[in-house]
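Here the structure comes first, spelled out in structure tokens, and everything after it is commentary.
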Amino acid sequence: MNSDSLTFIFLNACIMNNFVLSMFLGICPFIGMQGNLKTAVRMGMTVTFVMVIASICATAVNLLLAYLHLEYLRLICFVCVIAGAVQLVEMLLKKKSPALHGALGIYLPLIATNSAILALALFQSLNQYSFIQGLAYALGAGAGFSLVLVIIAGLRERLALPGAPDVGRSAALSLIVAGILSLAFMGFAGVGY
Amino acid sequence: MSTVTNTAAAPYSLATLLNGMWKENPGLVIALGMCPTLAVTNSFVNALTMGLATLFVLVVSSAVVSLLRSFVPTQVHLVTHLVIIATLVTIVDIAIGAISPQVYRALGVFIQLIVVNCIILGHAQGYASKSTVYRSALNASGTGLGFTLALLCLGGVREVLGTGEFMGAPLFGERFEPWAVMALPPGGFFVLGGWLLAISWWKRRTGKKSAGVEQKQAA
């Protein structure tokens, strides 16, 4: 598969180089989250949504900075523009589509400063993706993130049943479960090359 | 953060420093701010660089935020803090690139991801914007050193198990088969999980012991 093709970019971000399991990005919400499948799906949708916004912002910021020869300001611009854009979109949603806002709204401000979002923008500019490729990358990363959130939520629901020792009833258990999951996902490494 | 109240036993400054390093170690006890750092703790040197970079950003950003705390209106706190932190991270990024291109290549994007480390922003928002420069810098040093320590614990274990070497020096002789998975992403999860388990077990044990002593004294 051509490494510039949209399918490859999508699958690469979604499975081979999953943001959570192979790059440890955005694990804060996943450690903190309670084991609930419904929340996981919503959270995943929100992350995907914000990632698409971030990808669009990143393309715009990159074009502007390249035009002005100010590439060293990239990080500062990314942080501010993404945080601003997410807040703007949140206000728009609140006004135009209260239903969607009700579903996604509570997580939006939390996610704006999540490492996965900034990493998406940074990787996108590192790989010099075009606008369309960037969108495919964002959708793939979002899909991968949701996939892992849903799997972990499902596992958590199971984990509540057996009596794990008290010592492990913290982040430790979820981390080790995530490690095993990450091991499973490593089987996908190299697919498509 | 109510870390400053319990200072009766030791001198103020030392207690604050130690508190961040041990009792409330951000990485190992509260499991905070690990997202952008776990990926690059596969060797001791990487972990050290990452830890020191975070320490620098944390201390300087706390001092600057604390200096500016009476000038910045509350409404723009978050944005101001983000810009200060992002500026410092850009400085660190360029500095590491100039000092050691090899480490820079290994760490890649993850240096820039220090921006979104929850410890730094949390510290700026929750502590530095409310206390004096000296106090917030001190508290930040404690937290930053603790974080570096946590990263070193991870990086050291992963390097020794994953390659059988420590900073390039072989440890176990030729018959040791490197446990390669420890240097790969799953190893990061396993080692951090293991440390968290060990520390919560240790805390529980010492907690029980001191509780037992108190009960005896009461009896």
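Ordered as shown in the structure tokens, chains take letters A, B, and onward, while each chain numbers its residues from 1 and ligands are numbered from 1 in the order shown.
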
Based on only C-alpha atoms, which of the residues in chain A come within 10 Å of chain B? I want them as a PyMOL selection string.
chain A and resi 20-29+31+72-80+83-84+112-119+122-123+126+166-186

When you look at A:Val61 with a cut-off of 10 Å (counting only C-alpha atoms), what residues show up, excluding the ones that are within fewer than 4 positions of it in the same chain? I need them as a PyMOL selection string.
chain A and resi 55-57+65-67+71+73-74+77-78+81-82+121+125

Okay, now the selection with N, CA and C atoms, as an mmCIF file, in the first residue's frame?
```
data_model
loop_
_atom_site.group_PDB
_atom_site.id
_atom_site.type_symbol
_atom_site.label_atom_id
_atom_site.label_comp_id
_atom_site.auth_asym_id
_atom_site.auth_seq_id
_atom_site.Cartn_x
_atom_site.Cartn_y
_atom_site.Cartn_z
ATOM 1 N N SER A 55 -7.254 19.319 13.146
ATOM 2 C CA SER A 55 -6.549 19.075 11.892
ATOM 3 C C SER A 55 -6.745 20.236 10.925
ATOM 4 N N ILE A 56 -7.982 20.735 10.857
ATOM 5 C CA ILE A 56 -8.254 21.875 9.967
ATOM 6 C C ILE A 56 -7.446 23.090 10.432
ATOM 7 N N CYS A 57 -7.472 23.337 11.750
ATOM 8 C CA CYS A 57 -6.712 24.475 12.300
ATOM 9 C C CYS A 57 -5.231 24.329 11.979
ATOM 10 N N LEU A 65 1.969 30.256 8.823
ATOM 11 C CA LEU A 65 3.321 30.412 9.370
ATOM 12 C C LEU A 65 4.383 30.237 8.297
ATOM 13 N N ALA A 66 4.126 29.305 7.347
ATOM 14 C CA ALA A 66 5.088 29.119 6.272
ATOM 15 C C ALA A 66 5.157 30.385 5.416
ATOM 16 N N TYR A 67 4.006 31.012 5.221
ATOM 17 C CA TYR A 67 3.946 32.235 4.427
ATOM 18 C C TYR A 67 4.721 33.362 5.117
ATOM 19 N N GLU A 71 8.079 29.678 11.493
ATOM 20 C CA GLU A 71 7.787 28.301 11.889
ATOM 21 C C GLU A 71 8.060 28.022 13.359
ATOM 22 N N LEU A 73 7.145 29.572 15.803
ATOM 23 C CA LEU A 73 5.983 29.899 16.645
ATOM 24 C C LEU A 73 4.886 28.839 16.550
ATOM 25 N N ARG A 74 5.206 27.732 15.846
ATOM 26 C CA ARG A 74 4.164 26.761 15.543
ATOM 27 C C ARG A 74 3.455 26.239 16.792
ATOM 28 N N CYS A 77 1.177 28.748 18.491
ATOM 29 C CA CYS A 77 -0.022 28.982 17.686
ATOM 30 C C CYS A 77 -0.979 27.797 17.770
ATOM 31 N N PHE A 78 -0.425 26.575 17.663
ATOM 32 C CA PHE A 78 -1.276 25.393 17.742
ATOM 33 C C PHE A 78 -2.090 25.393 19.028
ATOM 34 N N VAL A 81 -4.672 28.359 19.029
ATOM 35 C CA VAL A 81 -5.703 28.280 17.997
ATOM 36 C C VAL A 81 -6.643 27.114 18.257
ATOM 37 N N ILE A 82 -6.071 25.970 18.650
ATOM 38 C CA ILE A 82 -6.939 24.806 18.877
ATOM 39 C C ILE A 82 -7.858 25.049 20.069
ATOM 40 N N ALA A 121 -2.001 17.391 15.663
ATOM 41 C CA ALA A 121 -1.581 18.558 14.882
ATOM 42 C C ALA A 121 -0.081 18.498 14.592
ATOM 43 N N SER A 125 1.834 17.965 10.883
ATOM 44 C CA SER A 125 2.758 18.892 10.230
ATOM 45 C C SER A 125 4.127 18.250 10.036
#
```

Could you check the closest approach to B:Ile119 for each of B:Leu18, B:Val92, B:Val133, B:Val59 and tell me which residue wins, using only C-alpha atoms?
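Using only C-alpha atoms, B:Ile119 sits closest to B:Val59.
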
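Distance-wise, atom CA of A:Ser130 and atom CA of A:Gly190 end up 23.4 Å apart.
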
Exercise: A:Ala103 partners within 10 Å, only C-alpha atoms, chain neighbours under 4 positions left out, as a PyMOL selection string
chain A and resi 39+42-43+45-46+98-99+107

Distance of atom CA of B:Phe176 from atom CA of B:Ala47, expressed in Å to one decimal place
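Here the two named atoms are 23.6 Å from each other.
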
Which residue of A:Asn12, A:Thr59, A:Asn36, A:Asn18 approaches A:Val150 most closely, using only C-alpha atoms
A:Asn36

Got a sec: who's within 9 Å of stretch 123-127 of chain B, counting only C-alpha atoms, leaving out chain neighbours fewer than 4 positions off, as an MDAnalysis selection string?
chainID B and resid 1 58 61:62 65:66 77:78 81 118:119 131 136 139:140

Could you save the residues just selected, with N, CA and C atoms, as a PDB file, in the first residue's frame?
```pdb
ATOM      1  N   MET B   1      -4.328  22.706  45.778  1.00  0.00           N
ATOM      2  CA  MET B   1      -3.332  21.841  46.415  1.00  0.00           C
ATOM      3  C   MET B   1      -3.098  22.299  47.851  1.00  0.00           C
ATOM      4  N   LEU B  58       8.465  23.517  34.297  1.00  0.00           N
ATOM      5  CA  LEU B  58       7.597  23.628  35.469  1.00  0.00           C
ATOM      6  C   LEU B  58       8.059  24.751  36.385  1.00  0.00           C
ATOM      7  N   SER B  61       7.956  28.300  34.548  1.00  0.00           N
ATOM      8  CA  SER B  61       6.589  28.766  34.312  1.00  0.00           C
ATOM      9  C   SER B  61       5.916  29.137  35.630  1.00  0.00           C
ATOM     10  N   SER B  62       6.187  28.373  36.709  1.00  0.00           N
ATOM     11  CA  SER B  62       5.596  28.737  38.003  1.00  0.00           C
ATOM     12  C   SER B  62       6.079  30.107  38.432  1.00  0.00           C
ATOM     13  N   VAL B  65       4.476  32.810  36.148  1.00  0.00           N
ATOM     14  CA  VAL B  65       3.045  32.949  36.436  1.00  0.00           C
ATOM     15  C   VAL B  65       2.844  33.659  37.762  1.00  0.00           C
ATOM     16  N   SER B  66       3.676  33.279  38.735  1.00  0.00           N
ATOM     17  CA  SER B  66       3.545  33.869  40.059  1.00  0.00           C
ATOM     18  C   SER B  66       3.922  35.352  40.038  1.00  0.00           C
ATOM     19  N   HIS B  77      -6.676  34.011  32.450  1.00  0.00           N
ATOM     20  CA  HIS B  77      -5.672  33.181  33.123  1.00  0.00           C
ATOM     21  C   HIS B  77      -5.197  32.025  32.245  1.00  0.00           C
ATOM     22  N   LEU B  78      -6.175  31.236  31.785  1.00  0.00           N
ATOM     23  CA  LEU B  78      -5.828  29.992  31.086  1.00  0.00           C
ATOM     24  C   LEU B  78      -4.969  30.277  29.865  1.00  0.00           C
ATOM     25  N   HIS B  81      -1.442  31.469  30.767  1.00  0.00           N
ATOM     26  CA  HIS B  81      -0.609  30.361  31.238  1.00  0.00           C
ATOM     27  C   HIS B  81      -0.179  29.476  30.080  1.00  0.00           C
ATOM     28  N   CYS B 118      -0.418  17.660  32.225  1.00  0.00           N
ATOM     29  CA  CYS B 118      -1.395  18.229  33.174  1.00  0.00           C
ATOM     30  C   CYS B 118      -0.738  18.771  34.440  1.00  0.00           C
ATOM     31  N   ILE B 119       0.450  18.243  34.793  1.00  0.00           N
ATOM     32  CA  ILE B 119       1.100  18.729  36.009  1.00  0.00           C
ATOM     33  C   ILE B 119       1.417  20.213  35.884  1.00  0.00           C
ATOM     34  N   SER B 131       0.312  32.099  44.889  1.00  0.00           N
ATOM     35  CA  SER B 131       1.307  32.243  45.951  1.00  0.00           C
ATOM     36  C   SER B 131       2.539  32.993  45.458  1.00  0.00           C
ATOM     37  N   SER B 136       6.132  29.212  45.080  1.00  0.00           N
ATOM     38  CA  SER B 136       5.670  28.417  43.940  1.00  0.00           C
ATOM     39  C   SER B 136       6.852  27.786  43.209  1.00  0.00           C
ATOM     40  N   ASN B 139       7.846  24.789  45.369  1.00  0.00           N
ATOM     41  CA  ASN B 139       6.893  23.693  45.221  1.00  0.00           C
ATOM     42  C   ASN B 139       7.039  23.035  43.848  1.00  0.00           C
ATOM     43  N   ALA B 140       7.249  23.882  42.829  1.00  0.00           N
ATOM     44  CA  ALA B 140       7.416  23.346  41.481  1.00  0.00           C
ATOM     45  C   ALA B 140       8.675  22.498  41.390  1.00  0.00           C
TER      46      ALA B 140
END
```

List every residue of stretch 16-213 of chain B that DSSP, applied to the backbone of this structure, places in alpha helix (DSSP H), and write the result as number ranges by chain.
B: 16-18, 35-38, 44-67, 77-99, 101-107, 118-123, 133-163, 185-213

Set the distance at 10 Å and use only C-alpha atoms: which residues neighbour B:Ala183 once local chain neighbours fewer than 3 positions away are removed? I'd like the list as a ChimeraX atom specification.
/B:39-43,155,157-163,178-180,186-188

Extract, using only C-alpha atoms, all DNA, RNA and protein residues at most 9 Å from B:Ser141, discarding same-chain residues fewer than 2 positions from it, and format them as a PyMOL selection string.
chain B and resi 17+20-21+55-56+58-59+136-139+143-146

Write out as number ranges by chain each polymer residue whose atoms come within 10 Å of A:His101, counting only C-alpha atoms; drop sequence neighbours fewer than 5 positions from it.
A: 89-96, 106-108

Please produce an output containing N, CA, C and O atoms for each residue in the selection, written as a short mmCIF file (atom, residue, chain, number, x, y, z; two decimals), in the first residue's frame.
```
data_model
loop_
_atom_site.label_atom_id
_atom_site.label_comp_id
_atom_site.auth_asym_id
_atom_site.auth_seq_id
_atom_site.Cartn_x
_atom_site.Cartn_y
_atom_site.Cartn_z
N VAL A 89 -16.40 26.51 18.66
CA VAL A 89 -17.32 25.48 18.16
C VAL A 89 -18.32 25.10 19.25
O VAL A 89 -19.50 24.88 18.99
N GLU A 90 -17.83 25.08 20.48
CA GLU A 90 -18.74 24.73 21.58
C GLU A 90 -19.87 25.75 21.68
O GLU A 90 -21.04 25.41 21.82
N MET A 91 -19.52 27.04 21.57
CA MET A 91 -20.55 28.08 21.63
C MET A 91 -21.53 27.96 20.48
O MET A 91 -22.74 28.08 20.65
N LEU A 92 -20.97 27.69 19.28
CA LEU A 92 -21.82 27.53 18.10
C LEU A 92 -22.81 26.38 18.29
O LEU A 92 -24.00 26.50 18.01
N LEU A 93 -22.26 25.25 18.78
CA LEU A 93 -23.10 24.07 18.98
C LEU A 93 -24.22 24.37 19.97
O LEU A 93 -25.36 23.98 19.77
N LYS A 94 -23.86 25.06 21.02
CA LYS A 94 -24.82 25.36 22.07
C LYS A 94 -26.00 26.13 21.49
O LYS A 94 -27.15 25.92 21.86
N LYS A 95 -25.67 27.02 20.55
CA LYS A 95 -26.69 27.88 19.97
C LYS A 95 -27.48 27.15 18.88
O LYS A 95 -28.70 27.20 18.84
N LYS A 96 -26.75 26.46 17.99
CA LYS A 96 -27.39 25.92 16.80
C LYS A 96 -27.95 24.52 17.03
O LYS A 96 -28.98 24.17 16.47
N ILE A 106 -20.12 18.36 27.46
CA ILE A 106 -19.40 18.37 28.74
C ILE A 106 -17.92 18.03 28.59
O ILE A 106 -17.12 18.46 29.38
N TYR A 107 -17.59 17.25 27.54
CA TYR A 107 -16.19 16.85 27.42
C TYR A 107 -15.36 17.83 26.62
O TYR A 107 -14.14 17.77 26.65
N LEU A 108 -16.03 18.71 25.85
CA LEU A 108 -15.29 19.53 24.90
C LEU A 108 -14.15 20.33 25.53
O LEU A 108 -13.01 20.24 25.07
#
```

Assign secondary structure with DSSP using the backbone only, and return the residues of stretch 4-219 of chain B in strand (DSSP E) as number ranges by chain.
B: 165-166, 169-170

Store the residues of this selection in a file with C-alpha atoms, as a compact mmCIF listing (two decimals), in the first residue's frame.
```txt
# COMPACT_ATOMS: atom_id res chain seq x y z
CA GLU B 165 22.16 -2.85 29.44
CA PHE B 166 22.28 0.23 31.61
CA ALA B 169 27.02 -1.03 29.82
CA PRO B 170 25.91 -4.68 29.70
```

Provide the atom CA of B:Leu149 to atom CA of B:Arg135 distance in Å, to one decimal place.
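Atom CA of B:Arg135 lies at a distance of 21.1 Å from atom CA of B:Leu149.
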